[in-house]
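**Student:** Just passing along the structure, written as structure tokens.
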Amino acid sequence: MPGIFSRTPKSSEADAIFDPQGVIPGHVGIIMDGNGRWARARGLPRAAGHRAGTKNIRRVLTESVEIGIKVLTIYAFSTENWARPKDEVDHLMRLISQSIQEQLDDLDANGVRILHSGRLEEVNPSLQKEIRHAIDRTRHNDSIVLNVAFNYGGRAEIVDAIKEIMREGIPPEEVTEEVVSQHLYTPDLPDPDLIIRTGGEFRLSNFLIWQAAYAEFYSTPVYWPDFDEAELRKAVAVFQHRDRRFGKIEDTER
Ligand code: IPE
Ligand code: IPE
Ligand code: MG
């Protein structure tokens, strides 16, 4: 009797195997979540989780280059994260400044181009300067783009784009999706193909809400400091098994 059991079941995502020759997502966004819980599970303060998480960026970046990912956008601090206790916010600000100081030479030597998404004008002036310097110094690099979403919010980004469009006096009838995209923080980047969230939640938390319209979403319970090379390959393997239709139907179903 034909029925639901007659179809060959699609292999489960857990069995997906990474194919280095397969399609590689050009732009991957990562919501680096779970630092606090990683630390708590080890009886450590949250700050230790943020340190371990910051250290992990390098490992995942290197593997991204290896796989052939062209753009990596990492969510480092959201516009909502200011609501955390002041000492945690201060620690996160110090960590980004420290990472730039410690890693800029090495990132530059390895061809990493640094970009920033977010409201830079709201962070302290000396950190603004460090971030602008990192962007400027690496602007001709082309092994990978590391776009750091820092003091970033997807809604803030759309509001900022609307303000800019109005300032430029673009008439309403000329406002298209293309025009909006061109007024976002990083107009030259392609939309993300894959959004990875570590730490087990299934939400965007205001990350790339415009750009992720057709991104594949992957959530893993692994906490960010534990998300290693193999975990990245697993995420890309699942992406390779997804069927991206963009609203269309298969040719064979016409
Ligand atoms: C993500 O880890 C890092 C930032 C949001 C800056 P969390 O600090 O949110 O860690 P959890 O979610 O509390 O475990
Ligand atoms: C998202 O994580 C922001 C970053 C990873 C920087 P959060 O921990 O802030 O998100 P929620 O509060 O769980 O939604
Ligand atoms: Mg969190």
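Labeling convention for the structure tokens: chains A, B, ... as they appear, residues from 1 per chain, ligands from 1 in order of appearance.
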Please identify the helix (DSSP H, G or I) residues within stretch 157-230 of chain A (assignment by DSSP from backbone atoms) and present them as a list of chain:residue names.

**Tutor:**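 DSSP-assigned helix (DSSP H, G or I) residues in stretch 157-230 of chain A: A:Glu157, A:Ile158, A:Val159, A:Asp160, A:Ala161, A:Ile162, A:Lys163, A:Glu164, A:Ile165, A:Met166, A:Arg167, A:Pro172, A:Glu173, A:Glu174, A:Glu177, A:Glu178, A:Val179, A:Val180, A:Ser181, A:Gln182, A:Gln211, A:Ala212, A:Ala213, A:Tyr214, A:Trp224, A:Pro225, A:Asp226, A:Glu229, A:Ala230.
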
**Student:** Residues of chain A within 9 Å of ligand 2: nearest atom pair and distance (Å, one decimal) for each, counting only C-alpha atoms and all ligand atoms, sorted by chain and number, as a tab-separated table?

**Tutor:**
residue	atom	partner	partner_atom_place_in_ligand_line	distance
A:Ile30	CA	ligand 2	5 (C)	8.0
A:Ile31	CA	ligand 2	5 (C)	4.7
A:Met32	CA	ligand 2	5 (C)	4.5
A:Asp33	CA	ligand 2	5 (C)	4.6
A:Gly34	CA	ligand 2	8 (O)	7.0
A:Asn35	CA	ligand 2	8 (O)	8.6
A:Gly36	CA	ligand 2	8 (O)	8.6
A:Ile74	CA	ligand 2	6 (C)	8.1
A:Tyr75	CA	ligand 2	6 (C)	4.6
A:Ala76	CA	ligand 2	6 (C)	4.1
A:Phe77	CA	ligand 2	6 (C)	3.9
A:Ser78	CA	ligand 2	6 (C)	5.0
A:Thr79	CA	ligand 2	3 (C)	8.6
A:Glu80	CA	ligand 2	9 (O)	6.8
A:Asn81	CA	ligand 2	9 (O)	5.7
A:Ala149	CA	ligand 2	6 (C)	7.8
A:Phe150	CA	ligand 2	6 (C)	7.5
A:Asn151	CA	ligand 2	6 (C)	8.5
A:Tyr152	CA	ligand 2	6 (C)	8.3
A:Arg197	CA	ligand 2	5 (C)	8.3
A:Thr198	CA	ligand 2	5 (C)	8.7
A:Gly199	CA	ligand 2	8 (O)	8.7
A:Glu201	CA	ligand 2	13 (O)	7.0
A:Arg203	CA	ligand 2	14 (O)	6.9
A:Leu204	CA	ligand 2	14 (O)	7.3
A:Ser205	CA	ligand 2	14 (O)	4.5
A:Asn206	CA	ligand 2	1 (C)	7.8
A:Phe207	CA	ligand 2	3 (C)	7.6

**Student:** Would you pick out the contacts of A:Gln211 at 12 Å or less, using only C-alpha atoms, so that residues sharing its chain but fewer than 4 positions from it are not included, and give the list as a ChimeraX atom specification?

**Tutor:** /A:27-29,73,154-155,157-158,177-178,180-182,184-187,189-195,204,206-207,215-216

**Student:** Using only C-alpha atoms, please write the residues we just selected to a file, as a JSON list (two decimals), in the first residue's frame.

**Tutor:**
[["chain", "number", "residue", "atom", "x", "y", "z"],
["A", 27, "HIS", "CA", 29.20, 34.06, 3.77],
["A", 28, "VAL", "CA", 28.70, 32.46, 7.19],
["A", 29, "GLY", "CA", 27.31, 34.35, 10.17],
["A", 73, "THR", "CA", 30.43, 37.67, 10.28],
["A", 154, "GLY", "CA", 19.62, 44.37, 13.06],
["A", 155, "ARG", "CA", 16.84, 46.84, 13.86],
["A", 157, "GLU", "CA", 20.95, 48.85, 11.23],
["A", 158, "ILE", "CA", 17.64, 49.17, 9.38],
["A", 177, "GLU", "CA", 15.13, 46.30, -1.60],
["A", 178, "GLU", "CA", 18.35, 46.95, -3.48],
["A", 180, "VAL", "CA", 17.88, 49.41, 1.39],
["A", 181, "SER", "CA", 20.64, 46.76, 1.07],
["A", 182, "GLN", "CA", 23.01, 49.39, -0.29],
["A", 184, "LEU", "CA", 23.25, 48.83, 5.40],
["A", 185, "TYR", "CA", 26.56, 48.85, 7.33],
["A", 186, "THR", "CA", 28.39, 46.60, 4.85],
["A", 187, "PRO", "CA", 26.73, 47.15, 1.46],
["A", 189, "LEU", "CA", 29.05, 41.98, 1.41],
["A", 190, "PRO", "CA", 26.80, 39.28, -0.05],
["A", 191, "ASP", "CA", 23.90, 38.09, 2.13],
["A", 192, "PRO", "CA", 24.82, 35.27, 4.52],
["A", 193, "ASP", "CA", 24.17, 31.75, 3.21],
["A", 194, "LEU", "CA", 24.41, 30.08, 6.60],
["A", 195, "ILE", "CA", 23.76, 31.36, 10.12],
["A", 204, "LEU", "CA", 18.37, 35.40, 15.76],
["A", 206, "ASN", "CA", 18.54, 40.78, 16.32],
["A", 207, "PHE", "CA", 21.41, 39.41, 14.17],
["A", 215, "ALA", "CA", 20.00, 32.09, 5.03],
["A", 216, "GLU", "CA", 19.97, 28.49, 6.22]]

**Student:** What's the 6 Å shell around stretch 134-136 of chain A, counting only C-alpha atoms, without same-chain residues fewer than 2 positions away, as a PyMOL selection string?

**Tutor:** chain A and resi 114-115+131-132+138-139

**Student:** For the selection just defined, write its residues with all heavy atoms to a file, as an mmCIF file, in the first residue's frame.

**Tutor:**
data_model
loop_
_atom_site.group_PDB
_atom_site.id
_atom_site.type_symbol
_atom_site.label_atom_id
_atom_site.label_comp_id
_atom_site.auth_asym_id
_atom_site.auth_seq_id
_atom_site.Cartn_x
_atom_site.Cartn_y
_atom_site.Cartn_z
ATOM 1 N N ILE A 114 39.525 42.976 7.950
ATOM 2 C CA ILE A 114 38.591 43.206 9.051
ATOM 3 C C ILE A 114 37.572 44.283 8.674
ATOM 4 O O ILE A 114 37.931 45.320 8.127
ATOM 5 C CB ILE A 114 39.366 43.612 10.329
ATOM 6 C CG1 ILE A 114 40.280 42.454 10.755
ATOM 7 C CG2 ILE A 114 38.407 43.994 11.457
ATOM 8 C CD1 ILE A 114 41.270 42.795 11.841
ATOM 9 N N LEU A 115 36.306 43.983 8.943
ATOM 10 C CA LEU A 115 35.232 44.970 8.773
ATOM 11 C C LEU A 115 34.440 45.036 10.072
ATOM 12 O O LEU A 115 34.566 44.161 10.940
ATOM 13 C CB LEU A 115 34.300 44.574 7.623
ATOM 14 C CG LEU A 115 34.856 44.623 6.189
ATOM 15 C CD1 LEU A 115 33.772 44.178 5.201
ATOM 16 C CD2 LEU A 115 35.349 46.022 5.831
ATOM 17 N N ILE A 131 39.488 50.134 16.349
ATOM 18 C CA ILE A 131 38.710 49.394 15.349
ATOM 19 C C ILE A 131 38.901 50.015 13.963
ATOM 20 O O ILE A 131 39.148 49.310 12.981
ATOM 21 C CB ILE A 131 37.214 49.325 15.751
ATOM 22 C CG1 ILE A 131 37.053 48.509 17.043
ATOM 23 C CG2 ILE A 131 36.365 48.726 14.621
ATOM 24 C CD1 ILE A 131 35.660 48.492 17.641
ATOM 25 N N ARG A 132 38.845 51.331 13.887
ATOM 26 C CA ARG A 132 39.049 52.004 12.585
ATOM 27 C C ARG A 132 40.446 51.706 12.026
ATOM 28 O O ARG A 132 40.619 51.505 10.828
ATOM 29 C CB ARG A 132 38.873 53.523 12.730
ATOM 30 C CG ARG A 132 37.430 53.949 12.909
ATOM 31 C CD ARG A 132 37.299 55.478 12.790
ATOM 32 N NE ARG A 132 36.344 56.025 13.737
ATOM 33 C CZ ARG A 132 35.022 55.998 13.580
ATOM 34 N NH1 ARG A 132 34.510 55.466 12.492
ATOM 35 N NH2 ARG A 132 34.218 56.499 14.495
ATOM 36 N N THR A 138 43.918 46.634 7.215
ATOM 37 C CA THR A 138 43.708 45.342 6.535
ATOM 38 C C THR A 138 42.870 45.480 5.259
ATOM 39 O O THR A 138 42.445 44.480 4.680
ATOM 40 C CB THR A 138 43.021 44.331 7.483
ATOM 41 O OG1 THR A 138 41.737 44.851 7.861
ATOM 42 C CG2 THR A 138 43.840 44.090 8.746
ATOM 43 N N ARG A 139 42.630 46.712 4.816
ATOM 44 C CA ARG A 139 41.636 46.917 3.737
ATOM 45 C C ARG A 139 42.002 46.278 2.411
ATOM 46 O O ARG A 139 41.125 46.006 1.594
ATOM 47 C CB ARG A 139 41.300 48.405 3.572
ATOM 48 C CG ARG A 139 42.417 49.256 2.986
ATOM 49 C CD ARG A 139 42.034 50.742 3.057
ATOM 50 N NE ARG A 139 43.035 51.578 2.406
ATOM 51 C CZ ARG A 139 44.219 51.905 2.938
ATOM 52 N NH1 ARG A 139 44.543 51.444 4.163
ATOM 53 N NH2 ARG A 139 45.066 52.659 2.284
#

**Student:** Please provide as a VMD selection string all residues within 12 Å of A:Pro20, with the sequence filter that same-chain residues fewer than 2 positions apart are discarded (counting only C-alpha atoms).

**Tutor:** chain A and resid 17 to 18 22 to 25 64 66 to 69 233 to 234 236 to 237 240

**Student:** Would you export the selected residues with N, CA and C atoms as a PDB file, in the first residue's frame, please?

**Tutor:**
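Result saved to selection-v5.pdb:
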ATOM      1  N   ILE A  17      27.670  14.434   5.901  1.00  0.00           N
ATOM      2  CA  ILE A  17      29.137  14.372   5.856  1.00  0.00           C
ATOM      3  C   ILE A  17      29.665  15.520   5.010  1.00  0.00           C
ATOM      4  N   PHE A  18      30.637  16.209   5.540  1.00  0.00           N
ATOM      5  CA  PHE A  18      31.212  17.360   4.850  1.00  0.00           C
ATOM      6  C   PHE A  18      31.893  16.932   3.550  1.00  0.00           C
ATOM      7  N   GLY A  22      31.966  19.926  -2.397  1.00  0.00           N
ATOM      8  CA  GLY A  22      30.570  20.373  -2.475  1.00  0.00           C
ATOM      9  C   GLY A  22      30.454  21.888  -2.389  1.00  0.00           C
ATOM     10  N   VAL A  23      29.208  22.373  -2.400  1.00  0.00           N
ATOM     11  CA  VAL A  23      29.005  23.813  -2.346  1.00  0.00           C
ATOM     12  C   VAL A  23      29.389  24.341  -0.945  1.00  0.00           C
ATOM     13  N   ILE A  24      30.175  25.400  -0.981  1.00  0.00           N
ATOM     14  CA  ILE A  24      30.660  25.987   0.274  1.00  0.00           C
ATOM     15  C   ILE A  24      29.932  27.319   0.481  1.00  0.00           C
ATOM     16  N   PRO A  25      29.360  27.548   1.659  1.00  0.00           N
ATOM     17  CA  PRO A  25      28.686  28.835   1.869  1.00  0.00           C
ATOM     18  C   PRO A  25      29.699  29.981   1.789  1.00  0.00           C
ATOM     19  N   SER A  64      37.819  28.326   8.640  1.00  0.00           N
ATOM     20  CA  SER A  64      36.960  28.907   7.600  1.00  0.00           C
ATOM     21  C   SER A  64      37.768  29.162   6.331  1.00  0.00           C
ATOM     22  N   GLU A  66      40.452  27.571   5.480  1.00  0.00           N
ATOM     23  CA  GLU A  66      40.760  26.220   5.003  1.00  0.00           C
ATOM     24  C   GLU A  66      39.620  25.653   4.142  1.00  0.00           C
ATOM     25  N   ILE A  67      38.388  25.829   4.610  1.00  0.00           N
ATOM     26  CA  ILE A  67      37.209  25.294   3.922  1.00  0.00           C
ATOM     27  C   ILE A  67      36.896  26.082   2.655  1.00  0.00           C
ATOM     28  N   GLY A  68      37.251  27.370   2.656  1.00  0.00           N
ATOM     29  CA  GLY A  68      36.961  28.197   1.479  1.00  0.00           C
ATOM     30  C   GLY A  68      35.828  29.192   1.680  1.00  0.00           C
ATOM     31  N   ILE A  69      35.471  29.429   2.938  1.00  0.00           N
ATOM     32  CA  ILE A  69      34.478  30.465   3.259  1.00  0.00           C
ATOM     33  C   ILE A  69      35.122  31.817   2.984  1.00  0.00           C
ATOM     34  N   ARG A 233      32.799  22.113  10.346  1.00  0.00           N
ATOM     35  CA  ARG A 233      32.588  21.228   9.192  1.00  0.00           C
ATOM     36  C   ARG A 233      31.218  20.562   9.247  1.00  0.00           C
ATOM     37  N   LYS A 234      30.797  20.199  10.455  1.00  0.00           N
ATOM     38  CA  LYS A 234      29.478  19.576  10.615  1.00  0.00           C
ATOM     39  C   LYS A 234      28.374  20.552  10.186  1.00  0.00           C
ATOM     40  N   VAL A 236      28.659  23.028   8.093  1.00  0.00           N
ATOM     41  CA  VAL A 236      28.710  23.208   6.633  1.00  0.00           C
ATOM     42  C   VAL A 236      28.149  21.958   5.934  1.00  0.00           C
ATOM     43  N   ALA A 237      28.409  20.785   6.518  1.00  0.00           N
ATOM     44  CA  ALA A 237      27.872  19.541   5.947  1.00  0.00           C
ATOM     45  C   ALA A 237      26.340  19.584   5.946  1.00  0.00           C
ATOM     46  N   GLN A 240      25.199  21.750   3.253  1.00  0.00           N
ATOM     47  CA  GLN A 240      25.322  21.102   1.934  1.00  0.00           C
ATOM     48  C   GLN A 240      24.152  20.158   1.645  1.00  0.00           C
TER      49      GLN A 240
END

**Student:** Based on DSSP run over this structure's backbone, return all residues of stretch 54-252 of chain A in strand (DSSP E), as a ChimeraX atom specification.

**Tutor:** /A:71-78,112-117,144-152,194-197,216-219

**Student:** Which one is closest to A:His140: A:Met166, A:Ala212, A:Val123, A:Ala109? Count only C-alpha atoms.

**Tutor:**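 Among the listed residues, A:Ala109 lies closest to A:His140.
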
**Student:** In terms of the shortest atom-to-atom distance over only C-alpha atoms, which of A:Glu168, A:Ser219, A:Ile196, A:Glu130 is closest to A:Gln98?

**Tutor:**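 Closest to A:Gln98 of all the choices is A:Glu130.
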
**Student:** Can you tell me, as a list in words, what residues are no more than 9 Å from A:Asp226 when counting only C-alpha atoms, ignoring any on the same chain fewer than 4 positions away?

**Tutor:**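 Selected residues are Trp38, Ala52, Gly53, Asn56, Val222 and Glu231 of chain A.
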
**Student:** Rounded to one decimal place, report the atom CA of A:Ala48-atom CA of A:Gly111 distance in Å.

**Tutor:**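 Separation between atom CA of A:Ala48 and atom CA of A:Gly111: 29.1 Å.
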
**Student:** Please determine, counting only C-alpha atoms and all ligand atoms, which residue among A:Gly247, A:Pro171, A:Gly118, A:Pro221 has the shortest atom-to-atom distance to ligand 1.

**Tutor:** A:Pro221
